[in-house]
Structures are given as structure tokens and as C-alpha cells.
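Below is one structure; the comments refer to it alone.
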Amino acid sequence: MFPYCSQVTDPNNIAGVKLNAQPKYVVSSTLRDPKWHATTVLSGDVIEEVTKLKNRPGGELKIHGSWALAQSLHRAGVIDEYRLLVFPVAVGRGKRLFPDDAPATGFRLTDSATTSTGAVYSALTPAPFEAGTAEVVESKEAV
């Protein structure tokens with residue numbers, strides 16, 4: 001994101017302008033001197049560091065492009081909301097958000113939308129895990 005967003009100067013590029021101005025946190029064991037303005041490197045106990053950030057007043061924390069970080073934070077139970085985009089394609093394999101050994105978690109759908117191309121946006125908050133049921137009534141699935 002840095003190579004693109006750090007060069008954004010157009011005030012109409014809302015995402016780029018906001019990312020450049022707001023504090024950013026990068027989890028890394030190798031990065032020492034981030035070049036992007038207002039960037040802090042988190043390199044110790046990431047769960048502890050993220051928990052401290054969550055307890056500060058201010059805006060939300062987001063994860064962009066790190067399935068491994070998302071898995072670690074999910075496992076630790078520190079994610080308050082998941083915002084997922086599911087695209088109508090099958091690629092066969094790839095990186096998984098929830099691995100086989102992830103803890104069982106329920107979710108409550110708080111928002112959803114479908115784009116004109118069929119991508120589905122879902123906002124989910126963690127909830128107690130409960131097994132669901134479904135049945136077929138008059139040839140249709142009934143939940």
C-alpha cells in the first residue's frame with residue numbers, strides 16, 4: 001500500500017488521503033525504519049500490542065492484506081468485527097482466513113450488500129458458537 005498511497009496527492013482520492021494522514025501500524029520482525037508518514041512498527045508480542053492499541057481512545061484498527069495476522073488475532077479473540085468481500089469466483093486453493101485448527105466461532109451479521117458484479121460484502125461480529133439447522137420444506141431450504 002505504501003508505494004501507491006504515499007504518492008497520492010489528489011484530495012479527491014479519499015482512501016489515499018486518509019491512509020496518508022492517519023496513524024498506521026505495521027507488524028514486522030524485519031522492518032525497522034518505515035518510510036510512510038505516521039507509521040509505527042509492532043515487532044514484539046503482537047497480541048499484547050494490538051490489545052493496547054484497542055484500549056486507546058480513537059478510531060478503529062483495520063487489517064489490510066495479512067491473512068497470517070488476521071488468523072493470529074482471530075485465535076486470540078481480539079477482533080471486534082470482520083468486514084469481508086466474497087467474490088463469485090473459485091480459484092481452487094489459496095490462503096485461508098480461518099484455518100482448520102481455528103477456534104469455532106459464531107458470527108452475527110450486522111450489515112450486508114451485493115455489488116452489481118455479484119461480490120457480497122458482509123460485516124460480522126463474533127458471537128457464541130451455535131450449531132445451526134436447516135431443513136427442506138416443499139422442495140425449498142428452510143433455515
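Identifiers for the C-alpha cells are assigned positionally: chains receive A, B, ... in sequence, residues are indexed from 1 per chain, and ligands are indexed from 1 in the order shown.
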Report as a ChimeraX atom specification all protein, DNA and RNA residues lying within 6 Å of stretch 35-51 of chain A, evaluated on only C-alpha atoms, omitting residues in the same chain fewer than 5 positions from it. /A:23-29
Residues as selected, C-alpha atoms, written as a PDB file, in the first residue's frame, can you do that?
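What follows is the written file again_6.pdb:
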ATOM      1  CA  PRO A  23      -1.577   6.568  12.149  1.00  0.00           C
ATOM      2  CA  LYS A  24      -0.539   3.234  10.703  1.00  0.00           C
ATOM      3  CA  TYR A  25       0.806   0.149  12.457  1.00  0.00           C
ATOM      4  CA  VAL A  26       2.861  -2.452  10.652  1.00  0.00           C
ATOM      5  CA  VAL A  27       3.540  -5.845  12.208  1.00  0.00           C
ATOM      6  CA  SER A  28       7.038  -6.924  11.210  1.00  0.00           C
ATOM      7  CA  SER A  29      10.071  -8.678  12.616  1.00  0.00           C
TER       8      SER A  29
END
Determine, counting only C-alpha atoms, which protein, DNA and RNA residues have an atom within 12 Å of an atom of stretch 124-135 of chain A; residues of the same chain fewer than 3 positions away are not included. Present the result as a list in words.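 That gives His74, Arg75, Gly77, Val78, Ile79, Asp80, Glu81, Tyr82, Arg83, Leu84, Leu85, Pro103, Ala104, Thr105, Gly106, Phe107, Arg108, Leu109, Thr110, Asp111, Ser112, Tyr121, Glu138, Ser139, Lys140, Glu141, Ala142 and Val143 of chain A.
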Pick the closest to A:Thr115 from A:Val8, A:Val86, A:Leu69, A:Arg96: which is it, counting only C-alpha atoms? A:Val86
As an MDAnalysis selection string, which residues of chain A does DSSP assign to strand (DSSP E)? chainID A and resid 24:27 39:42 82:86 106:114 120:127 135:137 140:142
Would you output that residue set with N, CA and C atoms, as a compact mmCIF listing (two decimals), in the first residue's frame?
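Once everything was written out, this is out-v9.txt:
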# COMPACT_ATOMS: atom_id res chain seq x y z
N LYS A 24 -0.58 4.58 11.28
CA LYS A 24 -0.54 3.23 10.70
C LYS A 24 0.37 2.37 11.57
N TYR A 25 0.02 1.09 11.68
CA TYR A 25 0.81 0.15 12.46
C TYR A 25 1.13 -1.02 11.56
N VAL A 26 2.41 -1.36 11.49
CA VAL A 26 2.86 -2.45 10.65
C VAL A 26 3.46 -3.51 11.56
N VAL A 27 2.98 -4.74 11.44
CA VAL A 27 3.54 -5.84 12.21
C VAL A 27 4.67 -6.44 11.38
N THR A 39 3.83 6.04 10.73
CA THR A 39 3.84 4.58 10.79
C THR A 39 4.67 4.11 11.97
N THR A 40 4.09 3.19 12.74
CA THR A 40 4.77 2.58 13.87
C THR A 40 4.90 1.09 13.60
N VAL A 41 6.08 0.53 13.85
CA VAL A 41 6.31 -0.89 13.66
C VAL A 41 6.03 -1.61 14.97
N LEU A 42 5.20 -2.65 14.91
CA LEU A 42 4.94 -3.52 16.05
C LEU A 42 5.75 -4.79 15.83
N TYR A 82 -15.56 -8.32 11.57
CA TYR A 82 -14.97 -8.79 10.31
C TYR A 82 -15.76 -8.14 9.18
N ARG A 83 -15.07 -7.54 8.23
CA ARG A 83 -15.71 -6.98 7.04
C ARG A 83 -15.14 -7.75 5.85
N LEU A 84 -15.94 -8.58 5.28
CA LEU A 84 -15.46 -9.49 4.25
C LEU A 84 -16.11 -9.19 2.90
N LEU A 85 -15.32 -9.33 1.85
CA LEU A 85 -15.82 -9.28 0.48
C LEU A 85 -15.62 -10.66 -0.12
N VAL A 86 -16.70 -11.27 -0.56
CA VAL A 86 -16.63 -12.58 -1.19
C VAL A 86 -16.99 -12.40 -2.66
N GLY A 106 -18.98 -18.32 16.36
CA GLY A 106 -20.22 -17.91 15.71
C GLY A 106 -20.08 -16.46 15.30
N PHE A 107 -20.93 -16.03 14.40
CA PHE A 107 -20.92 -14.63 13.96
C PHE A 107 -22.34 -14.12 13.87
N ARG A 108 -22.49 -12.84 14.08
CA ARG A 108 -23.77 -12.17 13.89
C ARG A 108 -23.59 -11.23 12.70
N LEU A 109 -24.46 -11.36 11.72
CA LEU A 109 -24.41 -10.49 10.54
C LEU A 109 -24.98 -9.13 10.92
N THR A 110 -24.16 -8.07 10.79
CA THR A 110 -24.60 -6.73 11.15
C THR A 110 -24.87 -5.85 9.93
N ASP A 111 -24.35 -6.24 8.77
CA ASP A 111 -24.58 -5.48 7.55
C ASP A 111 -24.21 -6.36 6.37
N SER A 112 -24.86 -6.15 5.25
CA SER A 112 -24.50 -6.89 4.04
C SER A 112 -25.00 -6.13 2.82
N ALA A 113 -24.34 -6.39 1.71
CA ALA A 113 -24.73 -5.79 0.43
C ALA A 113 -24.13 -6.65 -0.67
N THR A 114 -24.74 -6.56 -1.83
CA THR A 114 -24.24 -7.27 -3.00
C THR A 114 -23.97 -6.24 -4.09
N VAL A 120 -20.19 -10.09 -2.59
CA VAL A 120 -21.02 -9.92 -1.40
C VAL A 120 -20.17 -9.35 -0.27
N TYR A 121 -20.62 -8.23 0.26
CA TYR A 121 -19.99 -7.59 1.42
C TYR A 121 -20.77 -8.04 2.66
N SER A 122 -20.04 -8.48 3.67
CA SER A 122 -20.67 -8.86 4.94
C SER A 122 -19.88 -8.26 6.08
N ALA A 123 -20.59 -7.66 7.02
CA ALA A 123 -19.98 -7.21 8.28
C ALA A 123 -20.47 -8.18 9.34
N LEU A 124 -19.52 -8.78 10.05
CA LEU A 124 -19.84 -9.82 11.03
C LEU A 124 -19.20 -9.49 12.37
N THR A 125 -19.92 -9.70 13.45
CA THR A 125 -19.33 -9.56 14.78
C THR A 125 -19.30 -10.93 15.43
N PRO A 126 -18.25 -11.22 16.19
CA PRO A 126 -18.19 -12.53 16.86
C PRO A 126 -19.37 -12.71 17.80
N ALA A 127 -19.86 -13.94 17.86
CA ALA A 127 -20.97 -14.31 18.72
C ALA A 127 -20.70 -15.72 19.23
N GLU A 135 -33.65 -27.33 7.05
CA GLU A 135 -34.49 -28.43 6.61
C GLU A 135 -35.09 -28.06 5.25
N VAL A 136 -35.56 -29.05 4.56
CA VAL A 136 -36.19 -28.84 3.27
C VAL A 136 -37.70 -28.93 3.45
N VAL A 137 -38.40 -27.85 3.07
CA VAL A 137 -39.85 -27.79 3.18
C VAL A 137 -40.39 -27.45 1.80
N LYS A 140 -37.82 -26.59 -0.81
CA LYS A 140 -37.00 -25.40 -0.60
C LYS A 140 -36.33 -25.48 0.76
N GLU A 141 -35.12 -24.94 0.82
CA GLU A 141 -34.40 -24.94 2.09
C GLU A 141 -35.04 -23.94 3.05
N ALA A 142 -35.29 -24.39 4.26
CA ALA A 142 -35.85 -23.53 5.30
C ALA A 142 -34.88 -23.52 6.46
From the list A:Lys95, A:Ala102, A:Leu19, A:Gln7, which residue is nearest A:Ser72 when using only C-alpha atoms?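 Ranking A:Lys95, A:Ala102, A:Leu19, A:Gln7 by distance to A:Ser72, first place goes to A:Ala102.
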Have a look at atom CA of A:Thr9 and atom CA of A:Ala21 and let me know their distance in Å, one decimal.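 About the pair atom CA of A:Thr9 and atom CA of A:Ala21: they are 11.4 Å apart.
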Counting only C-alpha atoms, figure out which residue out of A:Pro34, A:Gln22, A:Ala76, A:Gly16 gets nearest to A:Leu61. A:Gln22
To one decimal in Å, tell me the separation between atom CA of A:Ala119 and atom CA of A:Ser6.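 Atom-to-atom, atom CA of A:Ala119 and atom CA of A:Ser6 are spaced 28.2 Å apart.
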